[in-house]
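For reference, protein11.tsv (TSV, C-alpha atoms):
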```tsv
chain	number	residue	atom	x	y	z
A	1	MET	CA	-5.76	-31.35	-27.92
A	2	TYR	CA	-4.27	-30.34	-31.27
A	3	PRO	CA	-0.59	-31.27	-31.84
A	4	LYS	CA	0.57	-27.62	-32.14
A	5	GLN	CA	-1.34	-26.65	-29.01
A	6	TYR	CA	0.06	-29.69	-27.21
A	7	PHE	CA	3.63	-28.81	-28.21
A	8	ILE	CA	3.37	-25.12	-27.18
A	9	MET	CA	1.71	-25.91	-23.86
A	10	LEU	CA	4.28	-28.59	-23.09
A	11	LEU	CA	7.10	-26.19	-23.92
A	12	ILE	CA	5.68	-23.41	-21.71
A	13	SER	CA	4.98	-25.70	-18.76
A	14	LEU	CA	8.42	-27.34	-18.95
A	15	ALA	CA	10.07	-23.91	-19.20
A	16	LEU	CA	8.15	-22.84	-16.09
A	17	PHE	CA	9.23	-25.95	-14.21
A	18	PHE	CA	12.92	-25.54	-15.12
A	19	LEU	CA	12.80	-21.80	-14.31
A	20	ILE	CA	11.50	-22.57	-10.82
A	21	VAL	CA	14.14	-25.29	-10.26
A	22	ARG	CA	16.88	-22.99	-11.55
A	23	LEU	CA	15.77	-20.13	-9.27
A	24	ILE	CA	15.91	-22.48	-6.28
A	25	GLN	CA	19.34	-23.76	-7.36
A	26	LYS	CA	20.68	-20.21	-7.60
A	27	GLY	CA	19.24	-19.39	-4.19
A	28	ARG	CA	16.99	-16.63	-5.55
A	29	LEU	CA	13.88	-18.52	-4.48
A	30	ASP	CA	13.81	-19.95	-0.97
A	31	ILE	CA	12.58	-23.52	-0.91
A	32	SER	CA	10.49	-22.81	2.21
A	33	TYR	CA	8.34	-20.32	0.30
A	34	CYS	CA	8.10	-22.02	-3.08
A	35	TRP	CA	6.37	-25.33	-2.52
A	36	LEU	CA	3.28	-24.02	-4.32
A	37	TRP	CA	5.40	-22.86	-7.25
A	38	LEU	CA	7.02	-26.28	-7.40
A	39	ALA	CA	3.63	-27.96	-7.34
A	40	VAL	CA	2.47	-25.76	-10.23
A	41	GLY	CA	5.71	-26.41	-12.13
A	42	PHE	CA	5.20	-30.14	-11.72
A	43	ILE	CA	1.46	-30.32	-12.37
A	44	ALA	CA	1.44	-28.06	-15.48
A	45	PRO	CA	3.50	-30.36	-17.78
A	46	LEU	CA	1.75	-33.37	-16.26
A	47	ILE	CA	-1.64	-32.02	-17.31
A	48	VAL	CA	-0.34	-31.44	-20.85
A	49	ILE	CA	1.09	-34.95	-21.11
A	50	LYS	CA	-1.81	-36.63	-19.38
A	51	TYR	CA	-4.66	-34.51	-20.75
A	52	ASP	CA	-7.03	-37.44	-20.21
A	53	TRP	CA	-6.56	-37.06	-16.49
A	54	LEU	CA	-7.90	-33.50	-16.69
A	55	LEU	CA	-10.91	-34.68	-18.68
A	56	TRP	CA	-11.55	-37.44	-16.17
A	57	PHE	CA	-11.21	-35.08	-13.21
A	58	SER	CA	-13.55	-32.50	-14.79
A	59	GLU	CA	-16.13	-35.23	-15.26
A	60	GLN	CA	-15.80	-36.30	-11.62
A	61	ILE	CA	-16.52	-32.81	-10.31
A	62	ASP	CA	-19.31	-32.19	-12.84
A	63	VAL	CA	-17.48	-29.47	-14.76
A	64	ALA	CA	-18.54	-29.39	-18.42
A	65	THR	CA	-15.28	-28.19	-19.99
A	66	PRO	CA	-11.74	-28.98	-18.81
A	67	ILE	CA	-10.67	-25.36	-19.34
A	68	THR	CA	-13.06	-24.35	-16.53
A	69	THR	CA	-11.37	-26.85	-14.21
A	70	LEU	CA	-8.01	-25.32	-15.12
A	71	PHE	CA	-9.23	-21.77	-14.43
A	72	LEU	CA	-10.83	-22.84	-11.17
A	73	PHE	CA	-7.64	-24.44	-9.88
A	74	SER	CA	-5.46	-21.62	-11.23
A	75	ILE	CA	-7.47	-19.11	-9.21
A	76	LEU	CA	-7.33	-21.36	-6.17
A	77	ILE	CA	-3.55	-21.73	-6.45
A	78	LEU	CA	-3.11	-17.97	-6.92
A	79	PHE	CA	-5.26	-17.39	-3.87
A	80	LEU	CA	-3.17	-19.81	-1.84
A	81	MET	CA	0.01	-18.12	-3.05
A	82	CYS	CA	-1.30	-14.70	-1.98
A	83	LEU	CA	-2.22	-16.15	1.40
A	84	GLN	CA	1.23	-17.68	1.77
A	85	PHE	CA	2.88	-14.36	0.88
A	86	SER	CA	0.66	-12.51	3.35
A	87	ILE	CA	1.71	-14.93	6.09
A	88	VAL	CA	5.37	-14.47	5.21
A	89	ILE	CA	5.04	-10.66	5.02
A	90	SER	CA	3.25	-10.52	8.39
A	91	MET	CA	5.93	-12.67	9.98
A	92	GLN	CA	8.71	-10.59	8.47
A	93	ARG	CA	7.03	-7.36	9.53
A	94	ARG	CA	7.06	-8.55	13.14
A	95	GLN	CA	10.69	-9.62	12.81
A	96	ILE	CA	11.73	-6.31	11.24
A	97	LYS	CA	9.88	-4.41	13.97
A	98	ARG	CA	11.67	-6.30	16.75
A	99	LEU	CA	15.04	-6.01	14.98
A	100	THR	CA	14.57	-2.26	14.52
A	101	GLN	CA	13.62	-1.86	18.18
A	102	GLN	CA	16.68	-3.79	19.32
A	103	ILE	CA	18.98	-1.80	17.03
A	104	ALA	CA	17.45	1.47	18.24
A	105	MET	CA	18.01	0.53	21.89
A	106	ARG	CA	21.61	-0.58	21.20
A	107	MET	CA	22.29	2.73	19.47
A	108	GLU	CA	21.01	4.60	22.51
A	109	GLU	CA	23.37	2.77	24.95
B	1	MET	CA	4.32	10.74	45.56
B	2	THR	CA	5.03	7.65	47.61
B	3	VAL	CA	7.09	5.92	44.97
B	4	ASP	CA	10.70	6.35	44.08
B	5	ASP	CA	10.53	8.50	40.95
B	6	LYS	CA	13.36	6.44	39.52
B	7	LYS	CA	10.98	3.50	39.15
B	8	VAL	CA	8.79	5.52	36.80
B	9	LEU	CA	9.59	6.01	33.15
B	10	VAL	CA	7.70	8.54	31.08
B	11	VAL	CA	7.55	7.28	27.49
B	12	ILE	CA	6.81	9.76	24.72
B	13	PRO	CA	6.52	8.35	21.19
B	14	ALA	CA	7.32	11.13	18.75
B	15	TYR	CA	7.26	11.61	15.01
B	16	ASN	CA	8.21	15.00	13.60
B	17	GLU	CA	7.51	16.88	16.81
B	18	HIS	CA	10.31	19.40	16.46
B	19	GLY	CA	9.40	22.65	18.19
B	20	ARG	CA	7.13	20.91	20.69
B	21	ILE	CA	8.97	17.91	22.11
B	22	GLY	CA	11.58	19.92	24.03
B	23	GLU	CA	8.94	21.89	25.83
B	24	ILE	CA	7.03	18.73	26.76
B	25	VAL	CA	10.15	17.01	28.12
B	26	ARG	CA	11.01	20.09	30.20
B	27	ALA	CA	7.44	20.24	31.51
B	28	VAL	CA	7.59	16.57	32.59
B	29	LYS	CA	10.95	17.18	34.25
B	30	TYR	CA	9.46	20.17	36.05
B	31	VAL	CA	6.57	18.10	37.43
B	32	LEU	CA	8.67	15.02	38.25
B	33	PRO	CA	12.27	16.24	38.53
B	34	SER	CA	13.94	12.89	39.21
B	35	THR	CA	11.86	10.83	36.77
B	36	ASN	CA	13.47	9.63	33.59
B	37	VAL	CA	11.88	10.56	30.31
B	38	LEU	CA	12.28	8.45	27.20
B	39	VAL	CA	11.44	9.87	23.80
B	40	VAL	CA	11.03	7.21	21.13
B	41	ASN	CA	11.83	9.01	17.93
B	42	ASP	CA	10.04	7.08	15.19
B	43	CYS	CA	12.43	8.04	12.39
B	44	SER	CA	11.45	11.71	12.32
B	45	SER	CA	12.71	13.71	9.37
B	46	ASP	CA	13.21	16.80	11.56
B	47	ASP	CA	15.23	17.53	14.68
B	48	THR	CA	12.90	15.79	17.16
B	49	GLY	CA	15.58	13.48	18.59
B	50	ARG	CA	18.18	16.18	19.17
B	51	GLU	CA	15.65	18.58	20.68
B	52	ALA	CA	14.41	15.90	23.10
B	53	ARG	CA	17.94	14.96	24.13
B	54	LYS	CA	18.83	18.61	24.67
B	55	ALA	CA	15.80	18.96	26.95
B	56	GLY	CA	17.09	16.10	29.11
B	57	ALA	CA	15.32	13.01	27.76
B	58	ALA	CA	16.88	9.70	26.82
B	59	VAL	CA	16.22	9.18	23.13
B	60	VAL	CA	15.79	5.91	21.27
B	61	SER	CA	15.60	6.52	17.54
B	62	HIS	CA	14.08	3.98	15.16
B	63	PRO	CA	16.16	3.76	11.98
B	64	ILE	CA	12.90	3.25	10.05
B	65	ASN	CA	9.36	4.47	10.73
B	66	LEU	CA	7.45	1.71	12.54
B	67	GLY	CA	4.28	3.46	13.71
B	68	TYR	CA	2.87	4.79	16.97
B	69	GLY	CA	2.18	1.39	18.53
B	70	ALA	CA	5.64	0.06	17.73
B	71	ALA	CA	7.19	3.21	19.22
B	72	LEU	CA	5.25	2.58	22.44
B	73	GLU	CA	6.38	-1.03	22.42
B	74	THR	CA	9.99	0.15	22.16
B	75	GLY	CA	9.33	2.23	25.26
B	76	TYR	CA	8.01	-0.85	27.09
B	77	LEU	CA	11.05	-2.90	26.02
B	78	TYR	CA	13.33	-0.13	27.25
B	79	ALA	CA	11.47	0.02	30.58
B	80	LEU	CA	11.76	-3.75	30.99
B	81	LYS	CA	15.44	-3.69	30.11
B	82	TYR	CA	16.26	-1.04	32.69
B	83	GLY	CA	14.00	-2.39	35.42
B	84	TYR	CA	11.32	0.30	35.64
B	85	GLU	CA	8.19	-0.59	37.61
B	86	PHE	CA	5.79	1.90	36.04
B	87	VAL	CA	5.43	3.45	32.62
B	88	VAL	CA	3.52	6.63	31.95
B	89	GLN	CA	2.91	7.07	28.25
B	90	MET	CA	1.91	10.37	26.73
B	91	ASP	CA	1.81	11.91	23.28
B	92	GLY	CA	4.52	14.19	22.01
B	93	ASP	CA	2.17	16.72	20.41
B	94	GLY	CA	1.22	18.64	23.53
B	95	GLN	CA	-2.29	17.18	23.97
B	96	HIS	CA	-1.45	15.58	27.29
B	97	LEU	CA	-0.52	17.78	30.20
B	98	PRO	CA	2.45	16.64	32.31
B	99	ALA	CA	0.75	18.17	35.37
B	100	GLU	CA	-1.74	15.26	35.21
B	101	ILE	CA	0.96	12.57	35.59
B	102	PRO	CA	0.96	12.52	39.43
B	103	HIS	CA	-2.84	11.94	39.40
B	104	MET	CA	-2.40	9.17	36.85
B	105	LEU	CA	0.12	7.40	39.08
B	106	VAL	CA	-2.04	7.40	42.21
B	107	PRO	CA	-4.36	4.43	41.33
B	108	VAL	CA	-1.45	2.18	40.29
B	109	LEU	CA	0.62	3.12	43.32
B	110	GLU	CA	-2.29	2.49	45.67
B	111	GLY	CA	-2.95	-0.86	44.00
B	112	ASP	CA	-6.40	0.11	42.69
B	113	ALA	CA	-5.50	-0.52	39.06
B	114	ASP	CA	-2.86	-2.03	36.79
B	115	ILE	CA	-3.60	0.28	33.89
B	116	VAL	CA	-4.86	3.82	34.26
B	117	ILE	CA	-6.36	5.66	31.30
B	118	GLY	CA	-6.59	9.42	31.28
B	119	SER	CA	-10.06	10.18	29.92
B	120	ARG	CA	-10.81	13.55	28.37
B	121	TYR	CA	-14.54	12.78	28.54
B	122	LEU	CA	-14.71	12.36	32.30
B	123	SER	CA	-13.37	15.81	32.97
B	124	SER	CA	-15.98	18.55	33.18
B	125	SER	CA	-13.42	21.26	32.46
B	126	ASN	CA	-12.48	19.84	29.10
B	127	THR	CA	-12.58	21.94	25.97
B	128	TYR	CA	-11.13	19.23	23.75
B	129	LYS	CA	-12.84	19.03	20.35
B	130	THR	CA	-12.85	15.96	18.15
B	131	SER	CA	-14.28	15.14	14.73
B	132	PHE	CA	-17.68	13.44	14.47
B	133	CYS	CA	-16.18	10.33	12.85
B	134	ARG	CA	-13.56	9.91	15.54
B	135	ARG	CA	-16.00	10.57	18.38
B	136	ALA	CA	-18.39	7.99	16.90
B	137	GLY	CA	-15.55	5.44	16.85
B	138	GLN	CA	-14.58	6.29	20.42
B	139	LYS	CA	-18.18	5.94	21.61
B	140	PHE	CA	-18.68	2.65	19.78
B	141	PHE	CA	-15.50	1.04	21.10
B	142	GLY	CA	-16.03	2.55	24.55
B	143	MET	CA	-19.48	1.00	24.73
B	144	LEU	CA	-18.23	-2.32	23.40
B	145	LEU	CA	-15.42	-2.41	25.96
B	146	SER	CA	-17.73	-1.38	28.79
B	147	LEU	CA	-20.12	-4.16	27.79
B	148	ILE	CA	-17.41	-6.83	27.72
B	149	THR	CA	-15.35	-5.74	30.70
B	150	GLY	CA	-18.15	-4.59	32.98
B	151	TYR	CA	-16.52	-1.27	33.85
B	152	LYS	CA	-17.08	2.06	32.18
B	153	ILE	CA	-14.61	3.05	29.46
B	154	THR	CA	-15.27	6.45	27.93
B	155	ASP	CA	-11.99	7.12	26.14
B	156	PRO	CA	-10.52	3.93	24.67
B	157	THR	CA	-8.35	5.89	22.23
B	158	SER	CA	-6.56	7.88	24.91
B	159	GLY	CA	-2.81	7.53	24.61
B	160	PHE	CA	-2.36	9.03	28.06
B	161	GLN	CA	-1.91	5.96	30.21
B	162	CYS	CA	-0.04	4.64	33.18
B	163	LEU	CA	0.92	0.97	33.33
B	164	LYS	CA	2.36	-1.38	35.89
B	165	ARG	CA	5.29	-3.56	34.93
B	166	ASP	CA	3.22	-6.75	34.45
B	167	ALA	CA	0.94	-4.91	32.04
B	168	PHE	CA	3.67	-3.45	29.85
B	169	GLU	CA	5.44	-6.80	29.91
B	170	LEU	CA	2.31	-8.31	28.32
B	171	PHE	CA	2.31	-5.60	25.66
B	172	SER	CA	5.96	-6.10	24.79
B	173	ARG	CA	5.62	-9.73	23.74
B	174	GLY	CA	5.31	-8.98	20.03
B	175	GLN	CA	1.49	-8.90	19.73
B	176	PHE	CA	1.15	-5.16	20.31
B	177	PRO	CA	-0.38	-3.44	17.25
B	178	HIS	CA	2.09	-1.28	15.35
B	179	ASP	CA	-0.45	1.40	14.39
B	180	PHE	CA	-3.43	1.99	16.72
B	181	PRO	CA	-3.12	0.29	20.10
B	182	ASP	CA	-6.49	1.20	21.63
B	183	ALA	CA	-9.57	-0.84	22.44
B	184	ASP	CA	-7.94	-4.10	21.36
B	185	VAL	CA	-5.03	-3.87	23.81
B	186	LEU	CA	-7.33	-2.81	26.64
B	187	LEU	CA	-9.42	-5.89	25.96
B	188	MET	CA	-6.25	-8.01	25.85
B	189	ALA	CA	-5.29	-6.60	29.24
B	190	HIS	CA	-8.77	-7.27	30.62
B	191	TYR	CA	-8.65	-10.92	29.52
B	192	ALA	CA	-5.14	-11.24	30.97
B	193	GLY	CA	-6.59	-10.23	34.34
B	194	PHE	CA	-5.40	-6.64	34.59
B	195	ARG	CA	-7.59	-4.01	36.22
B	196	VAL	CA	-8.20	-1.01	34.01
B	197	LYS	CA	-9.35	2.28	35.49
B	198	GLU	CA	-10.18	5.60	33.90
B	199	ILE	CA	-9.57	8.90	35.60
B	200	PRO	CA	-10.55	12.36	34.36
B	201	VAL	CA	-7.76	14.39	32.78
B	202	VAL	CA	-7.70	17.68	30.93
B	203	MET	CA	-6.46	17.44	27.36
B	204	VAL	CA	-5.82	20.29	24.99
B	205	GLU	CA	-5.73	20.55	21.20
B	206	ARG	CA	-2.45	19.39	19.65
B	207	SER	CA	-0.12	22.34	19.29
B	208	GLY	CA	0.95	21.46	15.74
B	209	GLY	CA	2.10	18.67	13.46
B	210	GLU	CA	-0.09	16.11	11.75
B	211	SER	CA	-2.49	13.88	13.68
B	212	MET	CA	-2.29	10.13	13.07
B	213	HIS	CA	-6.08	10.27	12.77
B	214	ALA	CA	-6.01	12.77	9.89
B	215	GLY	CA	-7.78	12.36	6.54
B	216	LEU	CA	-9.42	9.00	5.87
B	217	LYS	CA	-7.56	7.29	8.68
B	218	PRO	CA	-10.58	7.32	11.07
B	219	LEU	CA	-12.41	5.08	8.58
B	220	TYR	CA	-9.47	2.71	8.38
B	221	TYR	CA	-9.22	2.90	12.16
B	222	ILE	CA	-12.83	1.79	12.69
B	223	ILE	CA	-12.54	-1.15	10.29
B	224	LYS	CA	-9.15	-2.24	11.57
B	225	MET	CA	-10.12	-1.87	15.23
B	226	THR	CA	-13.37	-3.82	14.74
B	227	LEU	CA	-11.38	-6.70	13.21
B	228	SER	CA	-8.74	-6.44	15.88
B	229	VAL	CA	-11.25	-6.44	18.75
B	230	GLY	CA	-12.99	-9.43	17.13
B	231	MET	CA	-9.69	-11.30	16.98
B	232	VAL	CA	-8.92	-10.57	20.64
B	233	ILE	CA	-12.38	-11.87	21.60
B	234	LEU	CA	-11.80	-15.02	19.53
B	235	SER	CA	-8.40	-15.62	21.11
B	236	GLN	CA	-9.41	-14.64	24.65
B	237	ARG	CA	-8.38	-18.05	26.01
B	238	ARG	CA	-4.80	-17.31	25.06
B	239	TRP	CA	-4.83	-14.00	26.97
B	240	LYS	CA	-6.55	-15.55	29.96
B	241	GLN	CA	-3.65	-17.99	30.23
B	242	TYR	CA	-1.13	-15.16	30.44
B	243	VAL	CA	1.26	-15.50	33.36
B	244	PRO	CA	3.50	-12.48	34.02
```

Would you write the structure of this file as structure tokens?
Amino acid sequence: MYPKQYFIMLLISLALFFLIVRLIQKGRLDISYCWLWLAVGFIAPLIVIKYDWLLWFSEQIDVATPITTLFLFSILILFLMCLQFSIVISMQRRQIKRLTQQIAMRMEE
Amino acid sequence: MTVDDKKVLVVIPAYNEHGRIGEIVRAVKYVLPSTNVLVVNDCSSDDTGREARKAGAAVVSHPINLGYGAALETGYLYALKYGYEFVVQMDGDGQHLPAEIPHMLVPVLEGDADIVIGSRYLSSSNTYKTSFCRRAGQKFFGMLLSLITGYKITDPTSGFQCLKRDAFELFSRGQFPHDFPDADVLLMAHYAGFRVKEIPVVMVERSGGESMHAGLKPLYYIIKMTLSVGMVILSQRRWKQYVP
């Protein structure tokens, strides 16, 4: 990795990590729903610092270029995030439905 | 009727049925004078709630629109809360005739069934017309249900039903679909050990308003219902373990 590239990537990944931590601190991101974000925020700077690890891992799974490994895992993580959000939305939909029904019945009394 | 009318609750889910709902409530009250009628107003933007109340129904109004299935579920919750033994559910658009309610109640009162479905396709005097797409869906799910349950179901999409307390208790446990509760809930009920019976009823064309099966919704309905029926089949063990 070139020094400029290394510096920019490190800066972006660290900024992402601190943004996630700050959002949790401020209570704008619930810790129950952000474990994947935290994992990304932790792994991104780690990959920049320990680029060799990415090369080694790519070799282990027979991927020719490390960028492909990154894309593959990025898509996988995004997929998992979407799945997690779908689970949360489904759960909240059920809760909202029941809450609305209870409110409606109380209003009728 | 051999049952105390006060044990029966007629549930009518309604969304923007102003101009029709009052007449339907009065017709139900005419057929069953001492039976309570509940209109679940699913956040209508018109005067549905007021009109129903004026006609003599109890009205529960959702502060937000939840869908047809959720409105029915509210009716079941209300019936459970106030100790009703039977629920008759019918649409608020005038398709279902209140005069049929006493016939619907007979099989549940005599202990022949736990859920009675009013089928428009069993009645020879029916003039009810439906679109090709919707009829194909009804036939497909009817055949599928008949195959699985072993008894003939001709009208799985009929919203004109009569349920015993144990059955609507099952449906009010949070798993009831919020949009189209049809073949999937009948299958759920079958696996939970409830006896489902169809009887012929006359249905007429809706007297106005917009159908929930309008536009491209039949396509969505078929896909969603196929998935939903598949899921009920996969989780049949859970329904078989149901204890009222």

What would the list of residues within 9 Å of (9.7, 2.6, 11.6) (file frame) look like as a ChimeraX atom specification, if only C-alpha atoms are what count? /A:97,100-101 /B:42-43,62-68,70-71

Determine which residues of chain B sit within 6 Å of chain A, taking into account all atoms listed in the file, and present them as a CSV table (one decimal) with C-alpha atoms, in the coordinates of the input.
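Once written, part_4.csv looks like this:
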```
chain,number,residue,atom,x,y,z
B,60,VAL,CA,15.8,5.9,21.3
B,61,SER,CA,15.6,6.5,17.5
B,62,HIS,CA,14.1,4.0,15.2
B,74,THR,CA,10.0,0.2,22.2
```

For B:Phe140, which residue among B:Val39, B:Leu163, B:Ile222, B:Val243 is the nearest when counting all atoms listed in the file? B:Ile222

Counting all atoms listed in the file, note down every residue that has an atom within 6 Å of the point (1.8, 8.1, 33.9) (file coordinates), as a PyMOL selection string. chain B and resi 88-89+101+104-105+161-162

Can you spit out the residues from that selection as a PDB file, in the frame of the given file, using C-alpha atoms?
```
ATOM      1  CA  VAL B  88       3.520   6.630  31.950  1.00  0.00           C
ATOM      2  CA  GLN B  89       2.910   7.070  28.250  1.00  0.00           C
ATOM      3  CA  ILE B 101       0.960  12.570  35.590  1.00  0.00           C
ATOM      4  CA  MET B 104      -2.400   9.170  36.850  1.00  0.00           C
ATOM      5  CA  LEU B 105       0.120   7.400  39.080  1.00  0.00           C
ATOM      6  CA  GLN B 161      -1.910   5.960  30.210  1.00  0.00           C
ATOM      7  CA  CYS B 162      -0.040   4.640  33.180  1.00  0.00           C
TER       8      CYS B 162
END
```

Can you tell me how far atom CA of B:Asp184 sits from atom CA of B:Ser228, in Å to one decimal? 6.0 Å

Env of B:Thr48: 7 Å cut, atoms = only C-alpha atoms, seq-sep filter 3 positions within chain, self excluded. Answer as a ChimeraX atom specification. /B:16-18,21,41,44,51-52
